[in-house]
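See structure below.
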Amino acid sequence: MDKTLRAVLDTNVIIAIALSKNDKGPNKEILRRIFRKEFKILYSTGIFAEYSAKLLEKGVVQSDIDELLELLRLLGEEIRIQNFHIRRYPKDPDDVEFVLCATNGFADYVVSYDRHLLEFDSQIPYKICEPIEFLRGVRKSLADKGGE
C-alpha cells in the first residue's frame, strides 16, 4: 500500500517557513516537499486562524499570508475536528488544536519547535518532533518507496 505521510505543522514552523531567508534550511525544504506532494499537510480552520494571526503579528503582509494559506489549502487536507477526547491535553491551550487535528486526521507527525509540545506525550499514535527529525522521516519514507 502506498502511504503518504501525514503531518500537522505547528505555527512556529509556518512562521519559520515564511520568514526564513535560508533557501537551503529545513523550513524551506519542508515547503518544497509540500509543493512536491511528498507528504500531506493537515490543517483545521482553527489552525489556519492561528497561522494567520501569528504571521500578521510577525509583520507578514496580509496578501502574503493569504497566498501561503491558499497554497497550503490546495495542497493539504482540511481536518474537521469531530473527536475531542484524548487521554491528556497539552499544558499550553494553543497546542490543543494541533493535537486534536493530528488525532482526528490520523497524522504520522506533528512538527514543532515548541518545547512544551515536543515534550507532550499522552500515548499518542504519532510522533511530535522538530523539522530536522521530520525531514529524516520523509526522506526515509521516500527511500522505502524507491523515490529518494
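Residues in the C-alpha cells are named by chain (A, B, ... in the order shown) and by number from 1 within that chain; ligands are numbered from 1 in the order shown.
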
Please report as JSON lines every residue of stretch 8-98 of chain A lying within 8 Å of stretch 126-137 of chain A, along with the nearest atom pair and their distance in Å (one decimal), using only C-alpha atoms.
```
{"residue": "A:Val13", "atom": "CA", "partner": "A:Pro131", "partner_atom": "CA", "distance": 7.7}
{"residue": "A:Pro26", "atom": "CA", "partner": "A:Ile132", "partner_atom": "CA", "distance": 6.3}
{"residue": "A:Asn27", "atom": "CA", "partner": "A:Pro131", "partner_atom": "CA", "distance": 7.1}
{"residue": "A:Ile30", "atom": "CA", "partner": "A:Leu135", "partner_atom": "CA", "distance": 7.2}
```

At a cut-off of 12 Å, using only C-alpha atoms, what residues contact A:Arg32? Leave out same-chain residues fewer than 3 positions from it and give the result as an mmCIF file with all heavy atoms, in the first residue's frame.
```cif
data_model
loop_
_atom_site.group_PDB
_atom_site.id
_atom_site.type_symbol
_atom_site.label_atom_id
_atom_site.label_comp_id
_atom_site.auth_asym_id
_atom_site.auth_seq_id
_atom_site.Cartn_x
_atom_site.Cartn_y
_atom_site.Cartn_z
ATOM 1 N N ILE A 17 9.004 29.096 8.108
ATOM 2 C CA ILE A 17 8.944 28.954 6.648
ATOM 3 C C ILE A 17 8.764 30.332 6.001
ATOM 4 O O ILE A 17 9.453 30.679 5.047
ATOM 5 C CB ILE A 17 7.797 28.002 6.232
ATOM 6 C CG1 ILE A 17 8.170 26.545 6.556
ATOM 7 C CG2 ILE A 17 7.465 28.153 4.751
ATOM 8 C CD1 ILE A 17 7.018 25.560 6.405
ATOM 9 N N ASP A 23 17.297 29.489 1.856
ATOM 10 C CA ASP A 23 16.585 28.576 0.957
ATOM 11 C C ASP A 23 17.022 27.123 1.101
ATOM 12 O O ASP A 23 16.330 26.224 0.626
ATOM 13 C CB ASP A 23 16.763 29.012 -0.496
ATOM 14 C CG ASP A 23 15.942 30.245 -0.820
ATOM 15 O OD1 ASP A 23 14.965 30.519 -0.089
ATOM 16 O OD2 ASP A 23 16.274 30.934 -1.799
ATOM 17 N N LYS A 24 18.157 26.879 1.744
ATOM 18 C CA LYS A 24 18.650 25.517 1.909
ATOM 19 C C LYS A 24 18.361 24.947 3.299
ATOM 20 O O LYS A 24 18.707 23.821 3.596
ATOM 21 C CB LYS A 24 20.147 25.477 1.625
ATOM 22 C CG LYS A 24 20.478 25.856 0.186
ATOM 23 C CD LYS A 24 21.910 25.520 -0.156
ATOM 24 C CE LYS A 24 22.306 25.995 -1.512
ATOM 25 N NZ LYS A 24 21.609 25.437 -2.627
ATOM 26 N N GLY A 25 17.705 25.731 4.151
ATOM 27 C CA GLY A 25 17.401 25.283 5.510
ATOM 28 C C GLY A 25 16.230 24.317 5.555
ATOM 29 O O GLY A 25 15.504 24.131 4.570
ATOM 30 N N PRO A 26 16.011 23.714 6.717
ATOM 31 C CA PRO A 26 14.947 22.716 6.855
ATOM 32 C C PRO A 26 13.542 23.276 6.627
ATOM 33 O O PRO A 26 12.679 22.579 6.106
ATOM 34 C CB PRO A 26 15.107 22.191 8.284
ATOM 35 C CG PRO A 26 15.894 23.235 8.999
ATOM 36 C CD PRO A 26 16.753 23.903 7.973
ATOM 37 N N ASN A 27 13.322 24.527 6.991
ATOM 38 C CA ASN A 27 11.974 25.080 6.852
ATOM 39 C C ASN A 27 11.591 25.228 5.384
ATOM 40 O O ASN A 27 10.477 24.875 4.990
ATOM 41 C CB ASN A 27 11.877 26.412 7.600
ATOM 42 C CG ASN A 27 12.194 26.215 9.065
ATOM 43 O OD1 ASN A 27 11.582 25.397 9.728
ATOM 44 N ND2 ASN A 27 13.187 26.930 9.557
ATOM 45 N N LYS A 28 12.498 25.726 4.577
ATOM 46 C CA LYS A 28 12.211 25.854 3.140
ATOM 47 C C LYS A 28 12.142 24.473 2.482
ATOM 48 O O LYS A 28 11.378 24.269 1.542
ATOM 49 C CB LYS A 28 13.258 26.730 2.448
ATOM 50 C CG LYS A 28 13.222 28.178 2.890
ATOM 51 C CD LYS A 28 11.938 28.882 2.484
ATOM 52 C CE LYS A 28 12.012 30.343 2.896
ATOM 53 N NZ LYS A 28 11.104 31.213 2.273
ATOM 54 N N GLU A 29 12.920 23.525 3.006
ATOM 55 C CA GLU A 29 12.839 22.163 2.466
ATOM 56 C C GLU A 29 11.452 21.569 2.726
ATOM 57 O O GLU A 29 10.880 20.907 1.858
ATOM 58 C CB GLU A 29 13.919 21.263 3.081
ATOM 59 C CG GLU A 29 13.884 19.864 2.503
ATOM 60 C CD GLU A 29 14.967 18.939 3.046
ATOM 61 O OE1 GLU A 29 15.989 19.424 3.580
ATOM 62 O OE2 GLU A 29 14.783 17.712 2.927
ATOM 63 N N PHE A 35 5.091 21.235 -1.772
ATOM 64 C CA PHE A 35 4.795 21.503 -3.185
ATOM 65 C C PHE A 35 4.945 20.247 -4.035
ATOM 66 O O PHE A 35 4.200 20.048 -4.992
ATOM 67 C CB PHE A 35 5.702 22.598 -3.747
ATOM 68 C CG PHE A 35 5.372 23.974 -3.246
ATOM 69 C CD1 PHE A 35 6.375 24.852 -2.902
ATOM 70 C CD2 PHE A 35 4.067 24.407 -3.120
ATOM 71 C CE1 PHE A 35 6.086 26.123 -2.427
ATOM 72 C CE2 PHE A 35 3.756 25.672 -2.653
ATOM 73 C CZ PHE A 35 4.775 26.535 -2.310
ATOM 74 N N ARG A 36 5.920 19.395 -3.701
ATOM 75 C CA ARG A 36 6.140 18.162 -4.461
ATOM 76 C C ARG A 36 5.214 17.027 -4.003
ATOM 77 O O ARG A 36 5.328 15.901 -4.484
ATOM 78 C CB ARG A 36 7.607 17.742 -4.347
ATOM 79 C CG ARG A 36 8.552 18.712 -5.033
ATOM 80 C CD ARG A 36 9.960 18.163 -5.205
ATOM 81 N NE ARG A 36 10.599 17.728 -3.987
ATOM 82 C CZ ARG A 36 11.716 18.258 -3.466
ATOM 83 N NH1 ARG A 36 12.314 19.263 -4.066
ATOM 84 N NH2 ARG A 36 12.239 17.766 -2.365
ATOM 85 N N LYS A 37 4.358 17.331 -3.047
ATOM 86 C CA LYS A 37 3.381 16.373 -2.518
ATOM 87 C C LYS A 37 4.056 15.125 -1.951
ATOM 88 O O LYS A 37 3.555 14.011 -2.089
ATOM 89 C CB LYS A 37 2.342 16.001 -3.579
ATOM 90 C CG LYS A 37 1.555 17.199 -4.067
ATOM 91 C CD LYS A 37 0.553 16.808 -5.123
ATOM 92 C CE LYS A 37 -0.186 18.050 -5.597
ATOM 93 N NZ LYS A 37 -1.151 17.764 -6.628
ATOM 94 N N GLU A 38 5.198 15.348 -1.291
ATOM 95 C CA GLU A 38 5.918 14.232 -0.685
ATOM 96 C C GLU A 38 5.350 13.861 0.681
ATOM 97 O O GLU A 38 5.675 12.812 1.222
ATOM 98 C CB GLU A 38 7.401 14.575 -0.582
ATOM 99 C CG GLU A 38 8.036 14.679 -1.947
ATOM 100 C CD GLU A 38 9.488 15.079 -1.919
ATOM 101 O OE1 GLU A 38 10.040 15.341 -0.829
ATOM 102 O OE2 GLU A 38 10.096 15.119 -2.995
ATOM 103 N N PHE A 39 4.526 14.724 1.214
ATOM 104 C CA PHE A 39 3.733 14.413 2.395
ATOM 105 C C PHE A 39 2.491 15.291 2.338
ATOM 106 O O PHE A 39 2.422 16.241 1.565
ATOM 107 C CB PHE A 39 4.518 14.617 3.704
ATOM 108 C CG PHE A 39 4.775 16.057 4.064
ATOM 109 C CD1 PHE A 39 3.918 16.752 4.897
ATOM 110 C CD2 PHE A 39 5.903 16.707 3.587
ATOM 111 C CE1 PHE A 39 4.154 18.071 5.241
ATOM 112 C CE2 PHE A 39 6.157 18.026 3.922
ATOM 113 C CZ PHE A 39 5.271 18.715 4.750
ATOM 114 N N LEU A 71 -2.165 28.218 -0.809
ATOM 115 C CA LEU A 71 -1.322 27.116 -1.290
ATOM 116 C C LEU A 71 -1.430 25.907 -0.367
ATOM 117 O O LEU A 71 -1.564 24.770 -0.829
ATOM 118 C CB LEU A 71 0.138 27.568 -1.398
ATOM 119 C CG LEU A 71 0.452 28.492 -2.558
ATOM 120 C CD1 LEU A 71 1.864 29.064 -2.429
ATOM 121 C CD2 LEU A 71 0.295 27.776 -3.884
ATOM 122 N N LEU A 72 -1.374 26.152 0.939
ATOM 123 C CA LEU A 72 -1.496 25.046 1.888
ATOM 124 C C LEU A 72 -2.871 24.402 1.800
ATOM 125 O O LEU A 72 -3.006 23.187 1.894
ATOM 126 C CB LEU A 72 -1.222 25.536 3.308
ATOM 127 C CG LEU A 72 0.193 26.039 3.583
ATOM 128 C CD1 LEU A 72 0.316 26.548 5.019
ATOM 129 C CD2 LEU A 72 1.238 24.983 3.284
ATOM 130 N N LEU A 75 -2.909 22.179 -1.356
ATOM 131 C CA LEU A 75 -2.021 21.021 -1.288
ATOM 132 C C LEU A 75 -2.269 20.137 -0.064
ATOM 133 O O LEU A 75 -1.797 19.014 -0.016
ATOM 134 C CB LEU A 75 -0.556 21.489 -1.301
ATOM 135 C CG LEU A 75 -0.141 22.210 -2.577
ATOM 136 C CD1 LEU A 75 1.225 22.864 -2.404
ATOM 137 C CD2 LEU A 75 -0.140 21.266 -3.761
ATOM 138 N N LEU A 135 12.009 15.691 8.616
ATOM 139 C CA LEU A 135 12.572 15.549 7.262
ATOM 140 C C LEU A 135 13.289 14.218 7.095
ATOM 141 O O LEU A 135 13.222 13.605 6.031
ATOM 142 C CB LEU A 135 13.498 16.714 6.948
ATOM 143 C CG LEU A 135 12.776 18.046 6.700
ATOM 144 C CD1 LEU A 135 13.767 19.197 6.662
ATOM 145 C CD2 LEU A 135 11.940 17.993 5.434
#
```

As a list in words, which residues of chain A does DSSP assign to strand (DSSP E or B)?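 Of chain A, only Arg6, Ala7, Val8, Leu9, Lys40, Ile41, Leu42, Tyr43, Glu77, Glu78, Tyr109, Val110, Val111, Lys127, Ile128 and Cys129 of chain A fall in strand (DSSP E or B).
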
Store the residues of this selection in a file with C-alpha atoms, as a PDB file, in the first residue's frame.
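Saved result, again-v9.pdb, follows:
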```
ATOM      1  CA  ARG A   6       0.531  12.982   7.047  1.00  0.00           C
ATOM      2  CA  ALA A   7       1.743  15.893   9.176  1.00  0.00           C
ATOM      3  CA  VAL A   8       0.456  18.830  11.170  1.00  0.00           C
ATOM      4  CA  LEU A   9       2.809  21.819  11.209  1.00  0.00           C
ATOM      5  CA  LYS A  40       0.247  15.690   3.153  1.00  0.00           C
ATOM      6  CA  ILE A  41      -0.125  18.723   5.399  1.00  0.00           C
ATOM      7  CA  LEU A  42      -3.166  18.523   7.658  1.00  0.00           C
ATOM      8  CA  TYR A  43      -4.910  21.609   8.981  1.00  0.00           C
ATOM      9  CA  GLU A  77      -6.229  18.326   3.711  1.00  0.00           C
ATOM     10  CA  GLU A  78      -8.691  20.071   5.989  1.00  0.00           C
ATOM     11  CA  TYR A 109       3.801  13.627  12.683  1.00  0.00           C
ATOM     12  CA  VAL A 110       3.273  16.917  14.452  1.00  0.00           C
ATOM     13  CA  VAL A 111       6.201  19.173  13.582  1.00  0.00           C
ATOM     14  CA  LYS A 127       5.450  11.452  16.549  1.00  0.00           C
ATOM     15  CA  ILE A 128       5.941  15.014  17.756  1.00  0.00           C
ATOM     16  CA  CYS A 129       9.327  16.251  16.599  1.00  0.00           C
TER      17      CYS A 129
END
```

List every residue of stretch 4-38 of chain A that has an atom at most 10 Å from any atom of stretch 51-62 of chain A, giving for each one its closest atom pair and the distance in Å to one decimal, counting only C-alpha atoms, sorted by chain and then by ascending residue number, as a Markdown table.
```
| residue | atom | partner | partner_atom | distance |
| --- | --- | --- | --- | --- |
| A:Leu9 | CA | A:Tyr51 | CA | 9.9 |
| A:Asp10 | CA | A:Tyr51 | CA | 8.6 |
| A:Thr11 | CA | A:Tyr51 | CA | 5.6 |
| A:Asn12 | CA | A:Tyr51 | CA | 8.6 |
| A:Val13 | CA | A:Tyr51 | CA | 9.7 |
| A:Ile14 | CA | A:Tyr51 | CA | 7.1 |
| A:Ile15 | CA | A:Leu55 | CA | 6.2 |
| A:Ala16 | CA | A:Leu55 | CA | 9.8 |
| A:Ala18 | CA | A:Val60 | CA | 7.9 |
| A:Leu19 | CA | A:Val60 | CA | 8.1 |
```

In stretch 10-148 of chain A, what's helix (DSSP H, G or I) per DSSP? Answer as a PyMOL selection string? chain A and resi 11-19+26-35+45-57+62-75+93-104+115-118+131-144
